[in-house]
$ cat run20.cif   # mmCIF, C-alpha atoms and all ligand atoms
data_model
loop_
_atom_site.label_atom_id
_atom_site.label_comp_id
_atom_site.auth_asym_id
_atom_site.auth_seq_id
_atom_site.Cartn_x
_atom_site.Cartn_y
_atom_site.Cartn_z
CA MET W 1 -57.01 3.13 59.19
CA GLU W 2 -60.32 1.39 59.83
CA LEU W 3 -61.76 2.41 63.21
CA VAL W 4 -65.00 0.44 63.05
CA THR W 5 -65.63 -1.65 66.15
CA LYS W 6 -68.42 -4.02 67.17
CA ILE W 7 -69.96 -4.62 70.57
CA SER W 8 -72.52 -7.40 70.97
CA GLY W 9 -73.95 -6.99 67.49
CA ILE W 10 -73.93 -3.20 67.21
CA THR W 11 -71.46 -1.53 64.87
CA LEU W 12 -69.73 1.75 65.77
CA ARG W 13 -67.99 3.87 63.10
CA ASN W 14 -65.26 4.48 65.68
CA PRO W 15 -64.73 3.32 69.29
CA PHE W 16 -65.39 6.70 70.97
CA MET W 17 -68.63 7.72 72.63
CA ASN W 18 -69.70 10.07 75.38
CA ALA W 19 -70.13 8.73 78.91
CA SER W 20 -73.67 8.80 80.28
CA GLY W 21 -74.60 12.11 81.89
CA VAL W 22 -72.11 14.17 79.94
CA LEU W 23 -73.74 16.01 77.03
CA GLY W 24 -76.47 13.40 76.63
CA GLN W 25 -79.25 15.10 78.58
CA THR W 26 -81.34 16.10 75.56
CA VAL W 27 -81.82 14.95 71.97
CA SER W 28 -80.21 18.13 70.63
CA LEU W 29 -77.09 17.47 72.70
CA LEU W 30 -76.97 13.87 71.43
CA ARG W 31 -77.20 15.25 67.89
CA ARG W 32 -74.20 17.53 68.59
CA LEU W 33 -72.18 14.52 69.73
CA GLN W 34 -73.03 12.67 66.51
CA GLU W 35 -72.00 15.68 64.43
CA ALA W 36 -68.73 15.96 66.36
CA GLY W 37 -67.82 12.41 65.30
CA ALA W 38 -68.87 10.14 68.19
CA GLY W 39 -69.09 6.46 67.19
CA ALA W 40 -72.25 6.06 69.29
CA VAL W 41 -74.14 8.34 71.65
CA VAL W 42 -75.25 7.59 75.20
CA THR W 43 -78.14 9.27 76.99
CA LYS W 44 -78.18 10.60 80.54
CA SER W 45 -79.41 7.86 82.93
CA ILE W 46 -83.19 7.91 82.76
CA THR W 47 -85.26 6.92 85.79
CA TYR W 48 -88.85 5.70 86.05
CA GLU W 49 -90.10 8.96 87.55
CA GLU W 50 -88.89 12.48 86.78
CA ARG W 51 -86.04 13.63 89.07
CA LYS W 52 -85.15 17.23 89.84
CA GLY W 53 -81.58 16.52 90.94
CA TYR W 54 -79.68 17.82 93.96
CA ASP W 55 -79.04 21.38 95.13
CA ASN W 56 -75.96 23.26 93.93
CA PRO W 57 -73.04 22.95 93.89
CA THR W 58 -73.29 19.72 91.90
CA PHE W 59 -69.93 19.76 90.06
CA VAL W 60 -66.53 20.69 91.51
CA LYS W 61 -63.02 20.58 90.05
CA ILE W 62 -60.48 19.13 92.49
CA LYS W 63 -56.72 18.43 92.27
CA CYS W 64 -57.01 14.94 90.85
CA GLY W 65 -60.19 15.21 88.76
CA TYR W 66 -63.81 16.19 89.33
CA LEU W 67 -66.54 15.49 91.85
CA ASN W 68 -70.18 15.45 90.83
CA ALA W 69 -73.48 14.80 92.53
CA MET W 70 -76.08 15.85 90.00
CA GLY W 71 -78.73 13.54 91.49
CA LEU W 72 -79.69 12.01 88.12
CA PRO W 73 -81.91 14.91 86.98
CA ASN W 74 -84.08 13.74 84.07
CA PRO W 75 -87.67 14.04 82.82
CA GLY W 76 -88.58 10.38 83.52
CA PHE W 77 -88.74 7.58 80.96
CA LYS W 78 -92.14 8.37 79.41
CA GLU W 79 -91.26 11.97 78.62
CA PHE W 80 -87.75 11.17 77.40
CA SER W 81 -88.86 8.32 75.14
CA LYS W 82 -91.37 10.68 73.47
CA GLU W 83 -88.59 13.19 72.78
CA LEU W 84 -86.28 10.51 71.42
CA SER W 85 -88.97 8.82 69.28
CA SER W 86 -89.72 12.03 67.44
CA SER W 87 -86.12 12.36 66.21
CA LYS W 88 -84.71 8.83 66.15
CA GLU W 89 -84.33 8.75 62.37
CA GLU W 90 -81.84 11.65 62.56
CA PHE W 91 -79.33 9.33 64.23
CA LYS W 92 -76.93 7.50 61.94
CA VAL W 93 -74.90 6.19 64.88
CA PRO W 94 -76.20 3.79 67.55
CA VAL W 95 -78.17 5.41 70.35
CA ILE W 96 -77.51 3.79 73.72
CA VAL W 97 -80.17 4.58 76.30
CA SER W 98 -78.94 4.52 79.89
CA ILE W 99 -81.61 3.55 82.39
CA ALA W 100 -81.53 3.49 86.19
CA PRO W 101 -84.43 1.33 87.39
CA SER W 102 -84.81 0.52 91.08
CA GLU W 103 -86.79 -2.70 90.64
CA PRO W 104 -87.65 -5.30 87.93
CA LYS W 105 -91.15 -3.95 87.18
CA GLN W 106 -89.72 -0.53 86.35
CA ALA W 107 -86.95 -2.19 84.31
CA LYS W 108 -89.49 -4.17 82.30
CA GLU W 109 -91.63 -1.13 81.44
CA MET W 110 -88.64 1.03 80.58
CA ALA W 111 -87.05 -1.63 78.36
CA ALA W 112 -90.32 -2.23 76.50
CA THR W 113 -90.78 1.52 75.95
CA PHE W 114 -87.24 2.11 74.67
CA LYS W 115 -87.40 -0.97 72.39
CA LYS W 116 -88.26 1.10 69.32
CA VAL W 117 -85.76 3.90 69.85
CA ALA W 118 -82.68 2.40 71.48
CA ASP W 119 -79.98 0.38 69.70
CA ALA W 120 -78.71 -0.80 73.08
CA ILE W 121 -79.64 -0.29 76.71
CA GLU W 122 -77.04 0.50 79.38
CA ILE W 123 -78.25 -0.30 82.91
CA ASN W 124 -76.76 2.05 85.49
CA LEU W 125 -75.84 -0.22 88.41
CA SER W 126 -73.28 2.13 89.80
CA CYS W 127 -74.38 5.71 90.53
CA PRO W 128 -72.63 6.26 93.90
CA HIS W 129 -74.95 8.88 95.36
CA ALA W 130 -78.63 8.15 94.59
CA GLU W 131 -80.89 6.42 97.08
CA LYS W 132 -82.39 3.07 95.89
CA LEU W 133 -80.70 3.47 92.49
CA GLY W 134 -77.40 2.55 90.89
CA LEU W 135 -74.94 1.22 93.43
CA GLU W 136 -77.65 0.51 96.01
CA VAL W 137 -79.31 -1.82 93.48
CA PHE W 138 -76.04 -3.53 92.58
CA SER W 139 -75.31 -4.35 96.23
CA ASP W 140 -78.35 -6.71 96.13
CA MET W 141 -77.42 -9.66 93.94
CA GLY W 142 -80.96 -11.05 93.52
CA LEU W 143 -82.37 -7.63 92.68
CA THR W 144 -79.64 -6.99 90.11
CA GLU W 145 -80.17 -10.37 88.49
CA ASN W 146 -83.92 -9.78 88.20
CA ILE W 147 -83.49 -6.26 86.82
CA VAL W 148 -81.03 -7.42 84.15
CA LYS W 149 -83.32 -10.31 83.24
CA SER W 150 -86.37 -8.00 82.99
CA VAL W 151 -84.49 -5.74 80.59
CA LYS W 152 -83.21 -8.68 78.53
CA ASP W 153 -86.70 -10.20 78.27
CA ASN W 154 -88.28 -6.97 77.09
CA PHE W 155 -85.66 -5.53 74.77
CA ASP W 156 -84.38 -7.01 71.50
CA GLY W 157 -80.96 -5.34 71.28
CA PRO W 158 -77.86 -5.78 73.45
CA VAL W 159 -77.98 -4.95 77.14
CA PHE W 160 -74.91 -3.38 78.77
CA CYS W 161 -74.36 -3.16 82.53
CA LYS W 162 -72.45 -0.18 83.91
CA LEU W 163 -70.39 -1.14 86.93
CA PRO W 164 -68.75 0.67 89.82
CA PRO W 165 -64.92 0.74 90.05
CA TYR W 166 -64.81 -1.34 93.26
CA ARG W 167 -62.94 -4.51 92.34
CA ASN W 168 -63.96 -6.81 95.21
CA GLU W 169 -67.61 -5.85 95.01
CA VAL W 170 -67.69 -6.31 91.23
CA LEU W 171 -65.96 -9.70 91.33
CA GLY W 172 -68.22 -10.83 94.17
CA LEU W 173 -71.39 -9.86 92.36
CA ILE W 174 -70.41 -10.65 88.76
CA LYS W 175 -72.62 -13.76 88.70
CA SER W 176 -75.72 -11.56 88.85
CA LEU W 177 -74.76 -10.13 85.44
CA GLU W 178 -74.66 -13.42 83.55
CA SER W 179 -77.54 -12.51 81.26
CA CYS W 180 -76.16 -9.15 80.14
CA ASP W 181 -74.24 -8.77 76.85
CA ALA W 182 -71.47 -6.31 77.68
CA LEU W 183 -69.91 -4.48 80.64
CA VAL W 184 -69.28 -0.74 80.92
CA VAL W 185 -66.37 -0.15 83.31
CA SER W 186 -66.63 2.09 85.24
CA ASN W 187 -68.74 4.71 86.94
CA THR W 188 -67.28 7.20 89.44
CA ILE W 189 -65.84 6.53 92.92
CA ARG W 190 -67.91 7.70 95.90
CA ALA W 191 -66.02 10.69 97.26
CA MET W 192 -66.20 14.01 99.13
CA VAL W 193 -64.54 17.43 99.28
CA ILE W 194 -64.71 19.77 102.32
CA ASP W 195 -64.41 23.57 102.34
CA VAL W 196 -61.93 24.35 105.13
CA LYS W 197 -63.30 27.86 105.71
CA ALA W 198 -66.96 26.88 105.74
CA LYS W 199 -65.97 23.63 107.52
CA LYS W 200 -68.59 21.74 105.54
CA PRO W 201 -68.76 19.41 102.52
CA ILE W 202 -68.86 21.47 99.33
CA LEU W 203 -71.32 19.44 97.26
CA GLY W 204 -75.00 20.11 97.87
CA ASN W 205 -75.44 16.36 98.41
CA LYS W 206 -72.23 16.15 100.53
CA PHE W 207 -71.17 12.91 98.76
CA GLY W 208 -70.48 12.67 95.06
CA GLY W 209 -68.61 10.67 92.44
CA LEU W 210 -64.93 11.16 91.57
CA SER W 211 -64.17 11.15 87.84
CA GLY W 212 -61.26 12.16 85.62
CA ARG W 213 -57.48 11.55 86.00
CA ALA W 214 -57.57 9.73 89.34
CA LEU W 215 -60.10 7.21 88.06
CA HIS W 216 -58.12 6.20 84.96
CA PRO W 217 -55.68 3.62 86.41
CA ILE W 218 -58.34 2.18 88.72
CA SER W 219 -60.83 1.64 85.94
CA LEU W 220 -58.10 0.37 83.64
CA ALA W 221 -57.04 -2.32 86.14
CA LEU W 222 -60.64 -3.50 86.47
CA VAL W 223 -61.08 -3.69 82.68
CA PHE W 224 -57.85 -5.74 82.48
CA GLU W 225 -59.05 -8.16 85.15
CA LEU W 226 -62.61 -8.47 83.81
CA TYR W 227 -61.27 -9.15 80.31
CA GLU W 228 -59.60 -12.26 81.72
CA LYS W 229 -62.43 -13.27 84.06
CA THR W 230 -65.49 -12.83 81.78
CA ARG W 231 -66.04 -13.43 78.10
CA LYS W 232 -68.15 -10.31 77.70
CA PRO W 233 -67.16 -7.34 75.55
CA ILE W 234 -66.11 -4.33 77.62
CA VAL W 235 -66.55 -0.59 77.17
CA GLY W 236 -63.83 1.28 79.11
CA VAL W 237 -64.57 4.55 80.94
CA GLY W 238 -62.48 6.63 83.31
CA GLY W 239 -60.24 9.64 82.93
CA ILE W 240 -59.73 9.41 79.18
CA GLU W 241 -58.30 12.76 78.07
CA SER W 242 -56.09 11.74 75.15
CA TRP W 243 -55.77 9.01 72.52
CA GLU W 244 -52.99 7.40 74.61
CA ASP W 245 -55.40 7.04 77.56
CA ALA W 246 -57.88 5.34 75.21
CA VAL W 247 -55.24 3.02 73.71
CA GLU W 248 -54.40 1.81 77.23
CA PHE W 249 -58.04 0.71 77.58
CA PHE W 250 -57.98 -1.10 74.21
CA LEU W 251 -54.77 -2.90 75.18
CA ALA W 252 -56.40 -3.90 78.50
CA GLY W 253 -59.33 -5.41 76.60
CA ALA W 254 -61.97 -2.73 75.95
CA SER W 255 -63.65 -2.81 72.53
CA ALA W 256 -64.77 0.82 72.82
CA VAL W 257 -64.43 3.68 75.29
CA GLN W 258 -66.56 6.49 76.71
CA ILE W 259 -65.45 10.02 77.52
CA GLY W 260 -66.97 11.97 80.43
CA SER W 261 -65.05 14.67 82.30
CA ALA W 262 -62.68 15.47 79.41
CA LEU W 263 -65.68 16.07 77.15
CA GLU W 264 -67.06 18.46 79.74
CA LYS W 265 -63.65 20.18 79.95
CA LYS W 266 -62.50 20.25 76.30
CA GLY W 267 -65.84 20.19 74.45
CA THR W 268 -66.87 18.01 71.50
CA THR W 269 -63.68 18.68 69.49
CA ILE W 270 -62.12 15.95 71.64
CA PHE W 271 -63.68 13.33 69.33
CA LYS W 272 -61.71 14.60 66.32
CA GLU W 273 -58.53 14.68 68.43
CA LEU W 274 -59.04 11.09 69.63
CA ILE W 275 -59.90 9.75 66.18
CA GLU W 276 -56.87 11.38 64.52
CA GLY W 277 -54.53 10.29 67.32
CA LEU W 278 -55.71 6.68 67.18
CA GLU W 279 -55.54 6.57 63.35
CA GLU W 280 -51.96 7.85 63.40
CA TYR W 281 -50.94 5.37 66.12
CA LEU W 282 -52.46 2.39 64.28
CA LYS W 283 -50.71 3.47 61.08
CA GLU W 284 -47.33 3.82 62.79
CA GLU W 285 -47.69 0.52 64.64
CA LYS W 286 -49.04 -1.20 61.49
CA ILE W 287 -51.84 -2.80 63.48
CA GLY W 288 -55.63 -2.88 63.25
CA LEU W 289 -57.90 -1.80 66.11
CA GLU W 290 -59.30 -5.30 66.46
CA GLU W 291 -55.82 -6.77 66.96
CA LEU W 292 -55.05 -4.12 69.57
CA ILE W 293 -57.92 -5.16 71.84
CA GLY W 294 -56.55 -7.17 74.78
CA LEU W 295 -52.97 -7.15 73.45
CA ALA W 296 -51.51 -6.27 76.86
CA HIS W 297 -52.46 -9.76 78.13
CA ASP W 298 -49.95 -12.58 78.06
CA SER W 299 -51.87 -14.91 75.79
C1 LIG V 1 -71.54 15.52 85.38
C2 LIG V 1 -71.57 14.05 85.34
C3 LIG V 1 -72.79 13.38 85.25
C4 LIG V 1 -72.84 11.99 85.20
N1 LIG V 1 -74.05 11.35 85.07
C5 LIG V 1 -74.08 9.99 84.91
C6 LIG V 1 -75.30 9.31 84.64
O1 LIG V 1 -76.37 9.91 84.50
N2 LIG V 1 -75.27 7.96 84.49
C7 LIG V 1 -74.10 7.23 84.58
O2 LIG V 1 -74.14 6.00 84.42
N3 LIG V 1 -72.93 7.85 84.81
C8 LIG V 1 -72.90 9.20 84.97
N4 LIG V 1 -71.70 9.84 85.16
C9 LIG V 1 -70.45 9.03 85.19
C10 LIG V 1 -69.80 9.02 83.80
O3 LIG V 1 -70.65 8.44 82.86
C11 LIG V 1 -68.46 8.26 83.84
O4 LIG V 1 -68.68 6.92 84.19
C12 LIG V 1 -67.48 8.87 84.84
O5 LIG V 1 -67.53 10.28 84.83
C13 LIG V 1 -66.04 8.41 84.54
O6 LIG V 1 -65.59 8.87 83.31
P1 LIG V 1 -64.65 10.18 83.15
O7 LIG V 1 -63.51 9.99 84.10
O8 LIG V 1 -64.26 10.19 81.71
O9 LIG V 1 -65.49 11.35 83.54
C14 LIG V 1 -71.62 11.24 85.23
C15 LIG V 1 -70.40 11.90 85.33
C16 LIG V 1 -70.35 13.28 85.37
C17 LIG V 1 -69.01 13.95 85.46
#
$ encode --input "run20.cif" --output "structure tokens" --more "lines below"
Ligand SMILES: Cc1cc2nc3c(=O)[nH]c(=O)nc-3n(C[C@H](O)[C@H](O)[C@H](O)COP(=O)(O)O)c2cc1C
Amino acid sequence: MELVTKISGITLRNPFMNASGVLGQTVSLLRRLQEAGAGAVVTKSITYEERKGYDNPTFVKIKCGYLNAMGLPNPGFKEFSKELSSSKEEFKVPVIVSIAPSEPKQAKEMAATFKKVADAIEINLSCPHAEKLGLEVFSDMGLTENIVKSVKDNFDGPVFCKLPPYRNEVLGLIKSLESCDALVVSNTIRAMVIDVKAKKPILGNKFGGLSGRALHPISLALVFELYEKTRKPIVGVGGIESWEDAVEFFLAGASAVQIGSALEKKGTTIFKELIEGLEEYLKEEKIGLEELIGLAHDS
């Protein structure tokens, strides 16, 4: 069965990619994802300046998923773009560069720099635990609008916006995303875990982002609603561990999906598992992937 899917002009050999921040920190990790079968690869969110990240612990397994507060560690956009430029021709699948600018001037410079090496840019408007980045940017409608516009004006390919899973906030601020080409739904939920013996939050940063199982139905509901409320293509993210979880996102309206926590847990063989599972399902149901997208809606 044909698994090719298109999002805003870029073609993916299959609809599965890694979620930003999970195995996309370096070019060699991105290469591993391509070799494992990913339809596109997504980089860690890159900021204007280098960031060291937060103190340990930064990643904790909990009953309903995972909590992380890495603090967006990355070498900064100048350094990362050099690394990516030197090996771009090795990539046969689209490379999506995730950026986390805090203001339009940064967004403009970053977009112009990644123009030669990125097939698409994903703007992180949703990191739940970094000061003046991600979610803090998204809460300011004018700032978001200007950042998205700066990226659009300085980058030739499609621009994706990665949103938080908070329905009311997203619907209230959706107007600020008019100029972007596609939505990535969603990032993690701001959350916390406390050690009852130490009587203190476990994560070094205290607050983190909840990913995995618990996020799946929340993200799925938002994809379903955004599919009806916007005309933009959607990339679904949240708790995908099996091909069935991914199919739910396609039925809700996602054209492709990203895998985060399950990739961390199961390793890159998950791509083969998802591809084979989806192929088998499409064959049994006698349906193409394109027809599946949005099929759970009434009309
Ligand atoms: C360790 C870790 C690091 C992450 N780093 C980023 C990041 O740099 N940028 C971003 O947009 N999302 C980041 N995320 C969020 C994921 O991209 C994804 O949206 C989230 O984990 C939900 O997907 P999942 O349930 O499949 O993990 C990170 C998630 C994890 C677990």
$ residues_around --input "run20.cif" --residues "Arg51 (chain W)" --least-positions-apart "5" --cutoff "7 Å" --atoms "all atoms listed in the file" --output "PDB file with C-alpha atoms, in the coordinates of the input"
ATOM      1  CA  LEU W  72     -79.690  12.010  88.120  1.00  0.00           C
ATOM      2  CA  PRO W  73     -81.910  14.910  86.980  1.00  0.00           C
ATOM      3  CA  ASN W  74     -84.080  13.740  84.070  1.00  0.00           C
ATOM      4  CA  PRO W  75     -87.670  14.040  82.820  1.00  0.00           C
ATOM      5  CA  GLY W  76     -88.580  10.380  83.520  1.00  0.00           C
TER       6      GLY W  76
END
$ residues_near_ligand --input "run20.cif" --ligand "ligand LIG 1 (chain V)" --cutoff "7 Å" --atoms "only C-alpha atoms and all ligand atoms" --output "ChimeraX atom specification"
/W:19-22,44-45,59,66,68,70,72,98,124,126-127,162,186-188,211-213,215-216,237-240,258-262
$ residues_around --input "run20.cif" --residues "region 6-16 of chain W" --least-positions-apart "3" --cutoff "8 Å" --atoms "only C-alpha atoms" --output "list in words"
Leu3, Ala38, Gly39, Ala40, Val93, Pro94, Asp119, Ala120, Pro158, Asp181, Ala182, Pro233, Ser255, Ala256, Val257, Gln258, Ile259, Phe271, Leu274 and Ile275 of chain W
$ closest_residue --input "run20.cif" --among "W:Asp55, W:Glu90, W:Glu122, W:Glu49" --to "Val235 (chain W)" --atoms "all atoms listed in the file"
W:Glu122
$ axis_aligned_box --input "run20.cif" --around "region 273-278 of chain W" --padding-each-side "5 Å" --output "lines of an AutoDock Vina configuration file"
center_x = -57.2
center_y = 10.7
center_z = 67.1
size_x = 15.4
size_y = 18.0
size_z = 15.1
$ residues_around --input "run20.cif" --residues "Arg167 (chain W)" --least-positions-apart "5" --cutoff "12 Å" --atoms "all atoms listed in the file" --output "ChimeraX atom specification"
/W:172-174,185-186,189,218-226
$ closest_residue --input "run20.cif" --among "W:Glu2, W:Glu145, W:Trp243, W:Tyr48" --to "Lys283 (chain W)" --atoms "all atoms listed in the file"
W:Glu2
